[in-house]
Amino acid sequence: MSDVTVGTDHFRLDGKPVRLLSGALHYARVHEDQWEHRLAMLAAMGLNCVETYVPWNLHEEREGAYRDVGALGRFLDAVRRAGLWAIVRPGPYICAEWENGGLPVWVTGRFGRRVRTRDAGFRAVVERWFRELLPQVVEREIGRGGPVILVQAENEYGSYGSDAVYLEWLAGLLRECGVSVPLFTSDGPEDHMLTGGSVPGLPATANFGSGAREAFEVLRRHQPEGPLMCMEFWCGWFDHWGAEPVVRDAAQAAGALREILECGASVNIYMAHGGTNFAGWAGANRGGPVQDGEFQPTVTSYDYDAPVDEYGRATEKFHLFRKVLEGYVEGPLPAVPPEPVGLAGPPVRVELDGWAGLGDVLEALGDPEGPETGVAPTFEELGVGRGLVRYRVAVPGPRMPYPLTVAGLRDRAVVYVDGVRAGVLTEEGPTLPEPVAGPAEVELWVESLGRVNYGPRLGEPKGITGGVLHERQYLHGVRARGLRLDAFEEAGAVAGVPFGPVPSPMDEGVERTGLFRGAFTVGTAEGVGHAGVRLPGWTRGFVWVNGFCLGRYWSVGPQETLYVPGPVLRDGVNEVWVLELEGAGEAWVELGPGAPARCSGAPGVVQP
């Protein structure tokens with residue numbers, strides 16, 4: 001059996017220096033039936049290793065209710081079959097542009113600012129989770145015939161805190177759980193990040209997109225000996241709703257990769273293949289120099305301008321990286337696998353012929369309405385992670401018209417006054433355009449657009465976090481009811497929704513929001529393969545195909561097409577659901593062979 005150790009200048013495998021040529025591929029962002037192909041693409045690019053994060057909230061969204069924890073083990077088995085090594089980054093915090101940085105809502109809701117610290121309560125739930133998760137990593141270590149060669153302790157901790165007690169405890173916990181391969185940390189190549197995020201005795205790695213020589217000089221000031229590694233070489237970037245798409249010049253990125261390797265360092269290309277934020281798992285950022293400013297939700301696509309695009313295709317960046325990497329491997333590289341097949345033929349117009357209003361959907365799939373409360377409960381207090389909450393509150397009367405404001409709104413609310421749409425509110429625009437007189441009944445459908453995954457606003461609550469104000473007076477006596485996205489994932493759940501005919505855009509007084517349903521047929525003659533769904537004229541919501549949630553769509557762009565993995569499609573009749581939250585277009589969606597490699601719109605350029 002093989003043994004990996006940390007040398008004075010390289011990682012060593014069975015005593016011999018080894019350079020890790022790794023690529024990031026997150027098992028949770030790729031349909032399981034496509035793991036083999038995507039791993040083969042990484043090997044063909046010239047990589048000998050794959051890195052993956054573990055999103056805790058995916059597997060324990062509600063406390064004690066574990067869901068498919070074994071997916072990591074199955075992925076690592078696929079890595080071994082592909083002939084690659086594996087780097088596992090189990091968190092508990094992962095960032096990754098993932099909802100809440102991978103931390104479950106029940107954890108951040110309970111512990112607040114005490115997460116990612118030495119707090120005893122936080123450490124207790126982390127330990128319980130790690131003891132559930134890590135046995136499948138331990139039994140797949142390289143010394144036991146598996147692919148796991150390194151395990152990370154926490155993630156970019158120096159960008160967040162400086163609790164050395166917590167970091168050393170976490171590293172010790174990994175050892176107590178049986179992890180015997182080398183542990184490491186990763187942080188930005190800045191003094192405060194490396195001092196805050198490093199653990200004595202563990203190799204530190206650096207994350208950057210360019211300037212390798214300067215970055216490694218900073219790392220060497222903090223760690224004179226040990227392997228040099230860029231744990232996140234940012235070869236592209238991610239996109240936010242309502243912003244221009246971000247791209248990176250392929251030749252420039254290839255040059256930056258070459259510079260890392262010329263330094264004698266190992267590398268992990270972030271991302272080698274990004275995949276998709278299915279089922280509303282996309283996170284969010286805050287703008288500003290210290291990530292404490294405007295709210296910036298992340299799009300569904302996690303294409304990342306990666307060498308292997310969201311649809312599994314080799315890009316120009318892939319071929320340039322392959323040319324760079326082939327100079328650092330022994331022997332010829334594997335052949336590039338065939339390009340995944342897209343749905344053949346022209347786009348298909350899928351008619352939607354069933355509809356249920358949001359209220360009916362809430363009755364069928366929502367949580368029970370809680371008792372009337374003095375103040376509006378947050379999503380965290382209601383146990384709602386991904387999804388929306390309907391709040392109801394009365395304006396007493398008689399009284400004059402006054403402005404109605406939602407203080408601490410996160411993130412977006414469609415507001416009705418006495419059953420009539422009155423406006424859409426946001427954190428930046430929390431006041432209705434027209435004043436409200438009393439008495440009146442106010443209904444607010446509030447959606448979380450993704451929790452912050454990086455910076456000091458990590459773990460901030462969602463929903464109405466301040467209160468509903470009429471003039472300067474808080475309105476009390478609030479009733480709240482959650483509609484969780486995972487309710488749609490339960491087998492047969494939607495069968496209980498009372499579908500009826502789709503309302504016409506000309507029908508007066510009928511809100512074109514709610515759950516729409518339709519069907520389409522795909523046959524072998526058309527060539528079943530991956531596809532893309534477009535919703536021209538629709539505003540904001542979620543799409544499912546055959547019960548598989550593709551993720552959020554939003555007319556603000558830049559993303560216009562949702563990726564449909566080929567394994568989701570059936571040979572024959574397929575069903576599509578669309579949950580529209582603001583205003584539907586005409587009663588059809590378009591199913592086509594696939595989108596371009598990146599979101600539409602004029603590209604920007606990132607220089608990470």
# chains A, B, ... in the order shown; residues from 1 in each chain; ligands from 1
>>> residues_around(residues="Asn277 in chain A", least_positions_apart="2", cutoff="9 Å", atoms="only C-alpha atoms", output="list in words")
Ala28, Arg29, Val30, Trp98, Gly275, Ala279, Gly280, Trp281, Ala282, Gly283, Val299, Thr300, Ser301, Tyr302, Leu550, Gly551 and Arg552 of chain A
>>> select_by_dssp(residues="range 102-342 of chain A", states="strand (DSSP E or B)", output="MDAnalysis selection string")
chainID A and resid 141 148:152 183:187 204:208 229:234 240 246:247 266:270 273 276 282 284:286 295:298 301 308 314 342
>>> write_last_selection(atoms="N, CA and C atoms", output="CSV table (one decimal), in the first residue's frame")
chain,number,residue,atom,x,y,z
A,141,GLU,N,-8.5,6.1,1.8
A,141,GLU,CA,-7.2,6.8,1.8
A,141,GLU,C,-6.3,5.9,0.9
A,148,VAL,N,-7.6,8.9,-1.9
A,148,VAL,CA,-7.5,10.1,-1.1
A,148,VAL,C,-6.1,10.3,-0.7
A,149,ILE,N,-5.5,11.4,-1.1
A,149,ILE,CA,-4.1,11.7,-0.8
A,149,ILE,C,-3.9,12.9,0.1
A,150,LEU,N,-4.9,13.8,0.2
A,150,LEU,CA,-4.8,14.9,1.1
A,150,LEU,C,-6.2,15.3,1.6
A,151,VAL,N,-6.3,15.8,2.9
A,151,VAL,CA,-7.5,16.3,3.4
A,151,VAL,C,-7.3,17.7,4.0
A,152,GLN,N,-8.2,18.6,3.7
A,152,GLN,CA,-8.1,20.0,4.2
A,152,GLN,C,-8.7,20.2,5.5
A,183,LEU,N,-2.8,16.5,6.4
A,183,LEU,CA,-3.7,17.6,6.4
A,183,LEU,C,-3.1,18.9,5.9
A,184,PHE,N,-3.9,19.9,5.5
A,184,PHE,CA,-3.3,21.1,5.0
A,184,PHE,C,-4.3,22.2,5.2
A,185,THR,N,-3.9,23.5,5.1
A,185,THR,CA,-4.8,24.6,5.1
A,185,THR,C,-4.6,25.4,3.7
A,186,SER,N,-5.6,26.2,3.4
A,186,SER,CA,-5.5,27.1,2.2
A,186,SER,C,-6.0,28.4,2.5
A,187,ASP,N,-5.3,29.5,2.0
A,187,ASP,CA,-5.7,30.8,2.3
A,187,ASP,C,-5.2,31.7,1.2
A,204,ALA,N,0.8,24.8,4.5
A,204,ALA,CA,-0.2,25.9,4.1
A,204,ALA,C,-0.1,26.0,2.6
A,205,THR,N,-1.2,26.2,1.9
A,205,THR,CA,-1.2,26.4,0.5
A,205,THR,C,-1.9,27.8,0.2
A,206,ALA,N,-1.7,28.3,-1.0
A,206,ALA,CA,-2.2,29.6,-1.4
A,206,ALA,C,-3.2,29.5,-2.5
A,207,ASN,N,-4.1,30.5,-2.5
A,207,ASN,CA,-5.2,30.6,-3.5
A,207,ASN,C,-5.0,31.9,-4.3
A,208,PHE,N,-4.9,31.8,-5.6
A,208,PHE,CA,-4.8,33.0,-6.4
A,208,PHE,C,-5.1,32.7,-7.9
A,229,MET,N,2.2,24.9,-3.2
A,229,MET,CA,1.0,24.5,-3.9
A,229,MET,C,0.0,25.6,-4.0
A,230,CYS,N,-0.6,25.9,-5.1
A,230,CYS,CA,-1.7,26.8,-5.3
A,230,CYS,C,-2.9,25.9,-5.2
A,231,MET,N,-3.6,26.0,-4.1
A,231,MET,CA,-4.8,25.1,-3.9
A,231,MET,C,-6.0,25.5,-4.7
A,232,GLU,N,-6.1,26.8,-5.0
A,232,GLU,CA,-7.1,27.3,-5.9
A,232,GLU,C,-6.5,28.2,-6.9
A,233,PHE,N,-6.2,27.7,-8.1
A,233,PHE,CA,-5.8,28.5,-9.2
A,233,PHE,C,-7.1,28.9,-10.0
A,234,TRP,N,-7.5,30.2,-9.8
A,234,TRP,CA,-8.7,30.7,-10.3
A,234,TRP,C,-8.6,30.9,-11.8
A,240,HIS,N,-23.1,36.7,-11.1
A,240,HIS,CA,-24.1,37.1,-10.2
A,240,HIS,C,-25.3,37.5,-11.0
A,246,VAL,N,-18.8,37.1,-16.4
A,246,VAL,CA,-17.3,37.3,-16.2
A,246,VAL,C,-16.6,36.2,-16.9
A,247,VAL,N,-15.6,36.5,-17.7
A,247,VAL,CA,-14.8,35.6,-18.4
A,247,VAL,C,-13.3,35.9,-18.2
A,266,SER,N,2.9,22.4,-7.0
A,266,SER,CA,1.7,21.6,-7.3
A,266,SER,C,0.5,22.6,-7.5
A,267,VAL,N,-0.5,22.2,-8.2
A,267,VAL,CA,-1.6,23.1,-8.5
A,267,VAL,C,-3.0,22.3,-8.4
A,268,ASN,N,-4.0,23.1,-8.1
A,268,ASN,CA,-5.4,22.6,-8.2
A,268,ASN,C,-6.1,23.7,-9.0
A,269,ILE,N,-6.5,23.3,-10.2
A,269,ILE,CA,-7.2,24.2,-11.1
A,269,ILE,C,-8.7,24.4,-10.6
A,270,TYR,N,-9.0,25.6,-10.2
A,270,TYR,CA,-10.4,25.9,-9.7
A,270,TYR,C,-11.1,26.9,-10.7
A,273,HIS,N,-13.9,21.7,-13.8
A,273,HIS,CA,-15.3,21.6,-14.4
A,273,HIS,C,-16.2,22.1,-13.3
A,276,THR,N,-23.2,22.8,-12.0
A,276,THR,CA,-24.4,23.5,-11.9
A,276,THR,C,-24.9,23.6,-10.4
A,282,ALA,N,-27.3,27.6,-5.0
A,282,ALA,CA,-26.3,28.7,-5.2
A,282,ALA,C,-26.3,29.6,-4.0
A,284,ALA,N,-24.4,33.4,-2.3
A,284,ALA,CA,-24.4,34.8,-2.6
A,284,ALA,C,-23.2,35.5,-2.0
A,285,ASN,N,-23.0,36.7,-2.4
A,285,ASN,CA,-21.9,37.5,-1.9
A,285,ASN,C,-22.4,38.9,-1.4
A,286,ARG,N,-21.6,39.6,-0.7
A,286,ARG,CA,-21.8,41.0,-0.4
A,286,ARG,C,-20.7,41.8,-1.1
A,295,PHE,N,-26.0,43.2,-1.7
A,295,PHE,CA,-26.3,41.8,-1.9
A,295,PHE,C,-26.1,41.4,-3.3
A,296,GLN,N,-25.4,40.3,-3.6
A,296,GLN,CA,-25.1,39.8,-4.9
A,296,GLN,C,-25.3,38.3,-5.0
A,297,PRO,N,-26.5,37.9,-5.4
A,297,PRO,CA,-26.8,36.4,-5.4
A,297,PRO,C,-26.2,35.8,-6.7
A,298,THR,N,-25.7,34.6,-6.5
A,298,THR,CA,-25.0,33.8,-7.6
A,298,THR,C,-26.0,33.1,-8.5
A,301,SER,N,-26.0,28.6,-13.0
A,301,SER,CA,-24.8,28.0,-13.7
A,301,SER,C,-23.6,28.2,-12.9
A,308,VAL,N,-13.5,22.7,-18.8
A,308,VAL,CA,-14.6,21.8,-19.2
A,308,VAL,C,-15.9,22.6,-18.9
A,314,ALA,N,-15.1,20.3,-24.0
A,314,ALA,CA,-13.8,20.9,-24.0
A,314,ALA,C,-13.8,22.3,-24.6
A,342,GLY,N,-25.9,16.5,-27.3
A,342,GLY,CA,-27.1,17.4,-27.0
A,342,GLY,C,-28.3,16.9,-27.7
>>> atom_distance(atom1="CA of Thr373 in chain A", atom2="CA of Arg113 in chain A")
25.1 Å
>>> closest_residue(among="A:Met45, A:Val389, A:Ala153, A:Val576", to="Leu167 in chain A", atoms="only C-alpha atoms")
A:Ala153
>>> select_by_dssp(residues="range 302-352 of chain A", states="helix (DSSP H, G or I)", output="list in words")
Glu316, Lys317, Phe318, His319, Leu320, Phe321, Arg322, Lys323, Val324, Leu325, Glu326, Gly327 and Tyr328 of chain A
>>> write_last_selection(atoms="N, CA and C atoms", output="CSV table (one decimal), in the first residue's frame")
chain,number,residue,atom,x,y,z
A,316,GLU,N,-11.6,26.1,-25.5
A,316,GLU,CA,-10.3,26.6,-25.9
A,316,GLU,C,-9.3,26.5,-24.7
A,317,LYS,N,-9.8,26.9,-23.6
A,317,LYS,CA,-9.0,26.9,-22.3
A,317,LYS,C,-8.5,25.4,-22.0
A,318,PHE,N,-9.4,24.5,-22.2
A,318,PHE,CA,-9.1,23.1,-22.0
A,318,PHE,C,-7.9,22.7,-22.9
A,319,HIS,N,-7.9,23.0,-24.2
A,319,HIS,CA,-6.8,22.6,-25.1
A,319,HIS,C,-5.5,23.3,-24.8
A,320,LEU,N,-5.6,24.6,-24.4
A,320,LEU,CA,-4.4,25.3,-24.0
A,320,LEU,C,-3.8,24.8,-22.7
A,321,PHE,N,-4.6,24.4,-21.7
A,321,PHE,CA,-4.1,23.9,-20.5
A,321,PHE,C,-3.5,22.5,-20.8
A,322,ARG,N,-4.1,21.7,-21.6
A,322,ARG,CA,-3.6,20.4,-22.0
A,322,ARG,C,-2.2,20.5,-22.6
A,323,LYS,N,-2.0,21.5,-23.4
A,323,LYS,CA,-0.6,21.7,-24.0
A,323,LYS,C,0.4,22.1,-22.9
A,324,VAL,N,0.0,22.9,-21.9
A,324,VAL,CA,0.9,23.2,-20.8
A,324,VAL,C,1.2,22.0,-20.0
A,325,LEU,N,0.1,21.2,-19.6
A,325,LEU,CA,0.3,20.1,-18.7
A,325,LEU,C,1.0,19.0,-19.3
A,326,GLU,N,0.9,18.7,-20.6
A,326,GLU,CA,1.6,17.6,-21.1
A,326,GLU,C,3.1,17.7,-21.0
A,327,GLY,N,3.6,18.8,-20.7
A,327,GLY,CA,5.1,19.0,-20.5
A,327,GLY,C,5.5,18.6,-19.1
A,328,TYR,N,4.5,18.3,-18.3
A,328,TYR,CA,4.8,17.9,-16.9
A,328,TYR,C,4.4,16.6,-16.5
>>> closest_atom_pairs(of="range 327-408 of chain A", to="range 486-508 of chain A", cutoff="9 Å", atoms="only C-alpha atoms", output="tab-separated table")
residue	atom	partner	partner_atom	distance
A:Leu352	CA	A:Val502	CA	7.5
A:Asp353	CA	A:Val502	CA	5.9
A:Gly354	CA	A:Pro501	CA	5.3
A:Trp355	CA	A:Phe499	CA	4.9
A:Ala356	CA	A:Phe499	CA	4.9
A:Gly357	CA	A:Phe499	CA	8.5
A:Asp360	CA	A:Pro498	CA	7.0
A:Val361	CA	A:Val497	CA	6.0
A:Glu363	CA	A:Val497	CA	8.3
A:Ala364	CA	A:Val497	CA	5.5
A:Leu365	CA	A:Ala487	CA	6.1
A:Gly366	CA	A:Ala487	CA	7.5
A:Asp367	CA	A:Ala487	CA	8.9
A:Arg386	CA	A:Asp486	CA	7.5
A:Gly387	CA	A:Asp486	CA	8.2
>>> write_last_selection(atoms="all heavy atoms", output="CSV table (one decimal), in the first residue's frame")
chain,number,residue,atom,x,y,z
A,352,LEU,N,-47.4,24.3,-21.6
A,352,LEU,CA,-47.8,24.1,-20.2
A,352,LEU,C,-49.3,24.2,-20.1
A,352,LEU,O,-49.9,25.2,-20.4
A,352,LEU,CB,-47.1,25.2,-19.3
A,352,LEU,CG,-45.6,25.3,-19.4
A,352,LEU,CD1,-45.1,26.5,-18.6
A,352,LEU,CD2,-45.0,24.0,-19.0
A,353,ASP,N,-49.9,23.1,-19.7
A,353,ASP,CA,-51.4,23.1,-19.7
A,353,ASP,C,-52.0,22.9,-18.3
A,353,ASP,O,-53.2,22.7,-18.2
A,353,ASP,CB,-51.9,21.9,-20.6
A,353,ASP,CG,-51.3,20.6,-20.3
A,353,ASP,OD1,-50.7,20.5,-19.2
A,353,ASP,OD2,-51.4,19.7,-21.1
A,354,GLY,N,-51.2,22.9,-17.3
A,354,GLY,CA,-51.8,22.8,-15.9
A,354,GLY,C,-51.2,23.9,-15.0
A,354,GLY,O,-50.1,24.3,-15.2
A,355,TRP,N,-52.0,24.4,-14.1
A,355,TRP,CA,-51.6,25.5,-13.3
A,355,TRP,C,-52.3,25.4,-11.9
A,355,TRP,O,-53.5,25.0,-11.8
A,355,TRP,CB,-52.0,26.8,-13.9
A,355,TRP,CG,-51.8,28.0,-13.0
A,355,TRP,CD1,-50.7,28.7,-12.7
A,355,TRP,CD2,-52.9,28.8,-12.4
A,355,TRP,NE1,-50.9,29.7,-11.9
A,355,TRP,CE2,-52.3,29.8,-11.7
A,355,TRP,CE3,-54.2,28.6,-12.3
A,355,TRP,CZ2,-53.0,30.7,-10.9
A,355,TRP,CZ3,-55.0,29.5,-11.5
A,355,TRP,CH2,-54.4,30.6,-10.8
A,356,ALA,N,-51.5,25.8,-10.9
A,356,ALA,CA,-52.1,26.0,-9.5
A,356,ALA,C,-51.5,27.2,-9.0
A,356,ALA,O,-50.3,27.5,-9.0
A,356,ALA,CB,-51.8,24.8,-8.6
A,357,GLY,N,-52.4,28.1,-8.4
A,357,GLY,CA,-51.9,29.3,-7.8
A,357,GLY,C,-51.0,29.1,-6.6
A,357,GLY,O,-51.0,28.0,-6.0
A,360,ASP,N,-52.6,27.7,-3.5
A,360,ASP,CA,-52.9,26.3,-3.6
A,360,ASP,C,-51.7,25.5,-3.4
A,360,ASP,O,-51.7,24.4,-2.8
A,360,ASP,CB,-53.6,26.0,-4.9
A,360,ASP,CG,-55.0,26.6,-5.0
A,360,ASP,OD1,-55.7,26.7,-3.9
A,360,ASP,OD2,-55.5,26.9,-6.1
A,361,VAL,N,-50.6,25.9,-4.0
A,361,VAL,CA,-49.3,25.2,-3.8
A,361,VAL,C,-48.9,25.2,-2.4
A,361,VAL,O,-48.5,24.2,-1.8
A,361,VAL,CB,-48.2,25.8,-4.7
A,361,VAL,CG1,-46.9,25.1,-4.5
A,361,VAL,CG2,-48.6,25.7,-6.2
A,363,GLU,N,-50.8,25.4,0.2
A,363,GLU,CA,-51.7,24.5,1.0
A,363,GLU,C,-51.3,23.1,0.8
A,363,GLU,O,-51.4,22.3,1.7
A,363,GLU,CB,-53.2,24.7,0.5
A,363,GLU,CG,-53.8,26.0,1.0
A,363,GLU,CD,-53.9,26.1,2.5
A,363,GLU,OE1,-54.2,25.0,3.1
A,363,GLU,OE2,-53.7,27.2,3.1
A,364,ALA,N,-50.9,22.7,-0.4
A,364,ALA,CA,-50.6,21.3,-0.7
A,364,ALA,C,-49.2,20.9,-0.2
A,364,ALA,O,-49.0,19.8,0.3
A,364,ALA,CB,-50.7,21.1,-2.2
A,365,LEU,N,-48.2,21.8,-0.3
A,365,LEU,CA,-46.8,21.4,0.0
A,365,LEU,C,-46.2,22.2,1.1
A,365,LEU,O,-45.1,21.9,1.5
A,365,LEU,CB,-46.0,21.6,-1.3
A,365,LEU,CG,-46.4,20.8,-2.6
A,365,LEU,CD1,-45.5,21.2,-3.7
A,365,LEU,CD2,-46.3,19.4,-2.3
A,366,GLY,N,-46.8,23.3,1.6
A,366,GLY,CA,-46.2,24.1,2.6
A,366,GLY,C,-46.2,23.5,4.0
A,366,GLY,O,-46.9,22.6,4.3
A,367,ASP,N,-45.3,24.1,4.8
A,367,ASP,CA,-45.3,23.8,6.2
A,367,ASP,C,-46.6,24.3,6.9
A,367,ASP,O,-47.3,25.2,6.4
A,367,ASP,CB,-44.1,24.4,6.9
A,367,ASP,CG,-42.8,23.9,6.4
A,367,ASP,OD1,-42.8,22.8,5.9
A,367,ASP,OD2,-41.8,24.6,6.5
A,386,ARG,N,-33.9,26.6,1.8
A,386,ARG,CA,-34.1,27.0,0.4
A,386,ARG,C,-35.7,27.1,0.2
A,386,ARG,O,-36.4,26.2,0.5
A,386,ARG,CB,-33.6,26.0,-0.6
A,386,ARG,CG,-32.1,25.8,-0.6
A,386,ARG,CD,-31.7,24.5,-1.3
A,386,ARG,NE,-32.2,23.3,-0.6
A,386,ARG,CZ,-32.8,22.3,-1.2
A,386,ARG,NH1,-33.0,22.3,-2.5
A,386,ARG,NH2,-33.3,21.3,-0.5
A,387,GLY,N,-36.1,28.2,-0.3
A,387,GLY,CA,-37.5,28.4,-0.5
A,387,GLY,C,-38.0,29.8,-0.2
A,387,GLY,O,-37.3,30.8,-0.3
>>> closest_residue(among="A:Val406, A:Val415, A:Val589, A:Val393", to="Glu372 in chain A", atoms="only C-alpha atoms")
A:Val393
>>> residues_around(residues="range 376-378 of chain A", least_positions_apart="4", cutoff="7 Å", atoms="only C-alpha atoms", output="JSON, numbers by chain")
{"A": [382, 461, 462, 463, 464, 465, 467, 478]}
>>> closest_residue(among="A:Glu310, A:Glu575, A:Glu51, A:Glu97", to="Arg451 in chain A", atoms="only C-alpha atoms")
A:Glu97
>>> residues_around(residues="Arg110 in chain A", least_positions_apart="4", cutoff="9 Å", atoms="only C-alpha atoms", output="ChimeraX atom specification")
/A:105-106,114,122,380-381
>>> write_last_selection(atoms="N, CA and C atoms", output="short mmCIF file (atom, residue, chain, number, x, y, z; two decimals), in the first residue's frame")
data_model
loop_
_atom_site.label_atom_id
_atom_site.label_comp_id
_atom_site.auth_asym_id
_atom_site.auth_seq_id
_atom_site.Cartn_x
_atom_site.Cartn_y
_atom_site.Cartn_z
N VAL A 105 -28.53 25.68 7.78
CA VAL A 105 -29.25 26.81 8.34
C VAL A 105 -29.50 26.63 9.83
N TRP A 106 -29.74 25.40 10.25
CA TRP A 106 -30.00 25.19 11.68
C TRP A 106 -28.75 25.44 12.51
N ARG A 114 -21.03 32.63 16.59
CA ARG A 114 -20.16 31.64 17.24
C ARG A 114 -19.73 30.52 16.29
N PHE A 122 -20.94 24.75 19.01
CA PHE A 122 -20.61 24.61 17.59
C PHE A 122 -19.69 23.43 17.37
N GLU A 380 -34.77 31.16 9.46
CA GLU A 380 -34.05 30.28 10.36
C GLU A 380 -34.94 29.82 11.50
N GLU A 381 -35.73 30.74 12.05
CA GLU A 381 -36.63 30.39 13.15
C GLU A 381 -37.75 29.46 12.69
#
>>> closest_residue(among="A:His222, A:Arg175, A:Arg131, A:Arg457", to="Gly293 in chain A", atoms="only C-alpha atoms")
A:Arg457
>>> closest_residue(among="A:Glu132, A:Asp292, A:Glu225, A:Glu176", to="Thr8 in chain A", atoms="only C-alpha atoms")
A:Glu225
>>> atom_distance(atom1="CA of Gly102 in chain A", atom2="CA of Pro289 in chain A")
23.0 Å
>>> atom_distance(atom1="CA of Ala86 in chain A", atom2="CA of Cys549 in chain A")
28.1 Å
>>> residues_around(residues="Leu562 in chain A", least_positions_apart="4", cutoff="7 Å", atoms="only C-alpha atoms", output="PyMOL selection string")
chain A and resi 532-534+550
>>> residues_around(residues="Pro430 in chain A", least_positions_apart="6", cutoff="9 Å", atoms="only C-alpha atoms", output="PyMOL selection string")
chain A and resi 404-409+412-413+424
>>> residues_around(residues="Gly209 in chain A", least_positions_apart="6", cutoff="9 Å", atoms="only C-alpha atoms", output="list in words")
Glu232, Phe233, Trp234, Cys235, Gly236, Ala253, Ala256, Leu257, Gln607 and Pro608 of chain A
>>> write_last_selection(atoms="all heavy atoms", output="tab-separated table (two decimals), in the first residue's frame")
chain	number	residue	atom	x	y	z
A	232	GLU	N	-6.08	26.80	-5.02
A	232	GLU	CA	-7.13	27.28	-5.92
A	232	GLU	C	-6.49	28.21	-6.94
A	232	GLU	O	-6.25	29.38	-6.66
A	232	GLU	CB	-8.24	28.00	-5.15
A	232	GLU	CG	-9.07	27.10	-4.27
A	232	GLU	CD	-10.24	27.83	-3.62
A	232	GLU	OE1	-10.56	28.96	-4.07
A	232	GLU	OE2	-10.83	27.28	-2.67
A	233	PHE	N	-6.22	27.67	-8.12
A	233	PHE	CA	-5.80	28.51	-9.24
A	233	PHE	C	-7.07	28.93	-9.97
A	233	PHE	O	-7.69	28.14	-10.67
A	233	PHE	CB	-4.85	27.76	-10.17
A	233	PHE	CG	-4.68	28.44	-11.50
A	233	PHE	CD1	-4.30	29.76	-11.58
A	233	PHE	CD2	-4.93	27.74	-12.69
A	233	PHE	CE1	-4.18	30.40	-12.81
A	233	PHE	CE2	-4.80	28.37	-13.91
A	233	PHE	CZ	-4.43	29.69	-13.98
A	234	TRP	N	-7.47	30.18	-9.78
A	234	TRP	CA	-8.74	30.67	-10.32
A	234	TRP	C	-8.60	30.94	-11.81
A	234	TRP	O	-8.19	32.01	-12.24
A	234	TRP	CB	-9.17	31.95	-9.59
A	234	TRP	CG	-9.29	31.75	-8.10
A	234	TRP	CD1	-9.83	30.68	-7.45
A	234	TRP	CD2	-8.85	32.65	-7.08
A	234	TRP	NE1	-9.77	30.85	-6.09
A	234	TRP	CE2	-9.17	32.06	-5.83
A	234	TRP	CE3	-8.24	33.90	-7.08
A	234	TRP	CZ2	-8.89	32.68	-4.61
A	234	TRP	CZ3	-7.96	34.51	-5.88
A	234	TRP	CH2	-8.27	33.91	-4.67
A	235	CYS	N	-8.98	29.95	-12.60
A	235	CYS	CA	-8.83	30.06	-14.05
A	235	CYS	C	-10.01	30.79	-14.69
A	235	CYS	O	-10.00	31.08	-15.88
A	235	CYS	CB	-8.67	28.68	-14.67
A	235	CYS	SG	-10.13	27.62	-14.50
A	236	GLY	N	-11.04	31.06	-13.93
A	236	GLY	CA	-12.21	31.79	-14.40
A	236	GLY	C	-12.86	32.45	-13.21
A	236	GLY	O	-12.20	32.82	-12.24
A	253	ALA	N	-4.85	32.77	-19.00
A	253	ALA	CA	-4.97	31.77	-17.94
A	253	ALA	C	-3.94	30.66	-18.12
A	253	ALA	O	-3.36	30.18	-17.13
A	253	ALA	CB	-6.38	31.20	-17.94
A	256	ALA	N	-0.64	31.84	-16.83
A	256	ALA	CA	-0.59	31.84	-15.37
A	256	ALA	C	-0.41	30.43	-14.82
A	256	ALA	O	0.31	30.22	-13.83
A	256	ALA	CB	-1.87	32.46	-14.80
A	257	LEU	N	-1.03	29.44	-15.46
A	257	LEU	CA	-0.83	28.05	-15.06
A	257	LEU	C	0.62	27.63	-15.28
A	257	LEU	O	1.23	26.98	-14.42
A	257	LEU	CB	-1.78	27.14	-15.85
A	257	LEU	CG	-1.59	25.63	-15.66
A	257	LEU	CD1	-1.82	25.22	-14.20
A	257	LEU	CD2	-2.53	24.86	-16.59
A	607	GLN	N	-9.46	39.48	-13.58
A	607	GLN	CA	-8.04	39.26	-13.35
A	607	GLN	C	-7.87	38.87	-11.89
A	607	GLN	O	-7.48	39.68	-11.06
A	607	GLN	CB	-7.25	40.54	-13.64
A	607	GLN	CG	-7.48	41.12	-15.03
A	607	GLN	CD	-6.74	40.37	-16.10
A	607	GLN	OE1	-5.87	39.56	-15.78
A	607	GLN	NE2	-7.04	40.61	-17.35
A	608	PRO	N	-8.22	37.61	-11.51
A	608	PRO	CA	-8.19	37.26	-10.07
A	608	PRO	C	-6.80	37.41	-9.50
A	608	PRO	O	-5.82	37.14	-10.18
A	608	PRO	CB	-8.63	35.81	-10.06
A	608	PRO	CG	-9.25	35.55	-11.40
A	608	PRO	CD	-8.57	36.47	-12.34
>>> closest_residue(among="A:Leu458, A:Val4, A:Val50, A:Val115", to="Val79 in chain A", atoms="only C-alpha atoms")
A:Val50
